[in-house]
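Here the structure is laid out as structure tokens; the discussion comes afterwards.
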Amino acid sequence: MKQIYLKNTQSKGRGVFAGEDIKSGDLIEKCCLIPVTVKPDELGSLYDYVFNYPKDGKFQVYVLPLGAGCIYNHDDNNNAIWSDAKEYMMFDYIAVKDIKKDEEICTHYGDDYWIQMMLRNPKMKKITNNQ
């Protein structure tokens with residue numbers, strides 16, 4: 001796994017950054033997952049940090065990734081992805097592009113995520129690289 005660190009960004013709040021150069025295909029982080037056993041409308045602010053599990057299959061449960069797993073910000077031009085690990089209740093965060101030291105590591109949350117967020121909070125605005 002690679003060295004990473006957290007710091008505040010100018011526009012997205014806290015984010016995950018590369019503590020060293022990372023090559024495309026490298027494992028960045030392996031995160032344990034905690035099942036969240038409440039109904040979606042009971043999640044409140046936790047909704048912003050949970051994921052569907054498994055990612056690559058029929059939805060079974062919401063999970064909260066440990067480590068930096070729920071801190072990676074979104075970018076339409078993401079340089080990393082998360083995927084179901086071989087181990088049960090684990091996610092792997094993997095570089096899909098070369099990432100330079102001190103560059104923010106971002107995943108793509110999916111178009112569905114932003115639709116749900118804007119339905120919950122009509123004042124919310126999706127931040128893009130141009131803003």
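Chain labels A, B, ... are given in the sequence in which chains occur in the structure tokens; within each chain residues are numbered consecutively from 1, and ligands are likewise numbered from 1 in the order shown.
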Report task. Find the spatial neighbours of stretch 75-92 of chain A, counting only C-alpha atoms, within a cut-off of 12 Å - ignore same-chain residues fewer than 5 positions away - and output them as a PyMOL selection string. Result -> chain A and resi 1-2+11-12+15-18+22-36+51-57+60-70+97-100+103-111+114+126-130
Report task. Using atom CA of A:Tyr72 and atom CA of A:Thr37 as the two end points, give the distance in Å to one decimal. Result -> 22.6 Å
Requested in this report: Considering only C-alpha atoms, state which residue in the set A:Ile71, A:Leu46, A:Ile94, A:Val38 is at the smallest distance from A:Lys7.
Outcome: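 That would be A:Ile71, the residue with the smallest distance to A:Lys7.
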